[in-house]
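Visitor: Mind having a look at this structure? Questions to follow.
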Amino acid sequence: MQSSAHTADGAANTPRLAMHFASLEVQNHAARLGMWLFLATEILLFAGLFVCYGCYRFLFPEAWAAGSRSLDLTMGTVNTVVLITSSLTAALAVHHAKHGENKKVGVMLALTLLMAVAFLVIKYFEYSHKFHVGTLPGRYYSYPDIQLPGISLYFTVYFCSTALHGLHVLIGMGVLTVAMIRAFKGDFGPKNYTMVELGSMYWHLVDLVWIFLFPMLYLV
């Protein structure tokens, strides 16, 4: 059964209740719980990489310090600021969705996506430089200026963790793009903003992971 609720944008935006839920409140609670469980598994995924990082850093502290100094701290810092700001716009999108301000939701999500693109572009230039000079993982490492035991492992961890994080950025962009399109169609309102909320939660995870990766990789 579906009804309409008038919002600031004048759109009908009451969500459809699935047959196996007793009410919209139960349906939304189930969606949030499912997202929290999913985010917990994502944290476990990255936790494995963090454990590897800790073990190898303990074994090869000099290589870890030298590898960290070879990274571009300016690019890493700019990317950190970009992602933190994108979390703000994602949170503002949820705020406006709760009030049925769909145009503002769309604008906030569009800004979030622009900053995500900026993050990936900066990371592309970082990766290009590493391919050019040979600071690559494993047996592909060929940078002559740093020849220390374990240095190739540092860049293996660097590429694995940042590439996995970049994949999550792309997935988050896909989710937020769908939410943005729906926002400009006027789909969200006080009773129907769960998709924006869950997309924002996922984006905050992407942010949180980078906040850990930045000091681990760039500030050793």
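Every chain in the structure tokens has a letter given in the order shown (A, B, ...), and although residue numbers restart at 1 in each chain, ligands are simply numbered from 1 in the order shown.
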Distance table requested - region 55-129 of chain A against region 188-202 of chain A, cut-off 9 Å, only C-alpha atoms: one row per qualifying residue with the closest atom pair and its distance in Å to one decimal, ordered by chain and rising residue number, as a Markdown table.
Guide:
```
| residue | atom | partner | partner_atom | distance |
| --- | --- | --- | --- | --- |
| A:Ser87 | CA | A:Ser200 | CA | 7.6 |
| A:Ala90 | CA | A:Ser200 | CA | 5.4 |
| A:Ala91 | CA | A:Ser200 | CA | 6.4 |
| A:Ala93 | CA | A:Val196 | CA | 7.1 |
| A:Val94 | CA | A:Glu197 | CA | 5.5 |
| A:His95 | CA | A:Glu197 | CA | 8.9 |
| A:His96 | CA | A:Gly189 | CA | 8.6 |
| A:Ala97 | CA | A:Tyr193 | CA | 5.6 |
| A:Lys98 | CA | A:Pro190 | CA | 4.5 |
| A:His99 | CA | A:Pro190 | CA | 5.5 |
| A:Gly100 | CA | A:Gly189 | CA | 3.8 |
| A:Glu101 | CA | A:Gly189 | CA | 7.3 |
| A:Asn102 | CA | A:Phe188 | CA | 6.3 |
| A:Val105 | CA | A:Val196 | CA | 8.6 |
```
Visitor: Excluding same-chain residues fewer than 6 positions from Trp210 (chain A), what lies within 10 Å of it counting only C-alpha atoms, as a count of residues only?
Guide: 11
Visitor: Among the residues of region 112-215 of chain A, find those DSSP assigns to alpha helix (DSSP H) from the backbone and print them as a PyMOL selection string.
Guide: chain A and resi 112-133+151-184+194-215
Visitor: Could you list, as a list in words, every residue within 12 Å of region 38-40 of chain A, counting only C-alpha atoms and ignoring same-chain residues fewer than 2 positions away?
Guide: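 Within the cut-off, the hits are Ala31, Arg32, Leu33, Gly34, Met35, Trp36, Glu42, Ile43, Leu44, Leu45, Phe46, Ala47, His168, Leu198, Gly199, Ser200, Met201, Tyr202, Trp203, His204, Leu205, Val206, Leu208 and Val209 of chain A.
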Visitor: Please list as a ChimeraX atom specification every residue within 10 Å of Pro61 (chain A), counting only C-alpha atoms and excluding residues in the same chain fewer than 5 positions away.
Guide: /A:56,66-67,149-151,154,220
Visitor: Those same residues - N, CA and C atoms - I'd like them written as a compact mmCIF listing (two decimals), in the first residue's frame.
Guide:
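Output saved as again04.txt:
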```txt
# COMPACT_ATOMS: atom_id res chain seq x y z
N TYR A 56 54.64 -6.19 9.50
CA TYR A 56 55.77 -5.87 8.64
C TYR A 56 56.49 -4.60 9.08
N ALA A 66 61.48 4.79 5.37
CA ALA A 66 61.98 5.29 4.09
C ALA A 66 60.87 5.28 3.03
N GLY A 67 60.05 4.24 3.02
CA GLY A 67 58.94 4.18 2.07
C GLY A 67 57.94 5.29 2.31
N PRO A 149 65.94 -3.94 3.04
CA PRO A 149 65.14 -5.15 3.22
C PRO A 149 63.70 -4.80 3.62
N GLY A 150 62.75 -5.33 2.89
CA GLY A 150 61.34 -5.10 3.22
C GLY A 150 60.70 -3.93 2.51
N ILE A 151 61.46 -3.16 1.73
CA ILE A 151 60.88 -1.98 1.09
C ILE A 151 59.81 -2.36 0.07
N TYR A 154 56.60 -2.86 1.81
CA TYR A 154 55.90 -1.60 2.14
C TYR A 154 55.00 -1.18 0.99
N VAL A 220 54.47 7.85 8.85
CA VAL A 220 55.28 6.94 9.65
C VAL A 220 56.51 7.67 10.20
```
Visitor: Which residue is closest to Leu176 (chain A)? Choose from A:Leu92, A:Ser70, A:Glu62, A:Leu109 and count only C-alpha atoms.
Guide: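 The shortest atom-to-atom distance to Leu176 (chain A) comes from A:Leu109.
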Visitor: Could you check the closest approach to Ala116 (chain A) for each of A:Thr156, A:Met173, A:Ala163, A:His129 and tell me which residue wins, using only C-alpha atoms?
Guide: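 Closest residue, counting only C-alpha atoms: A:Met173.
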Visitor: Between A:Trp64, A:Tyr53, A:Tyr127, A:Phe119, which is the closest to Ser86 (chain A) once you count only C-alpha atoms?
Guide: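 Closest residue, counting only C-alpha atoms: A:Phe119.
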Visitor: Quick one: pull the distance between CA of Gly134 (chain A) and CA of Phe159 (chain A), Å, one decimal.
Guide: 12.8 Å
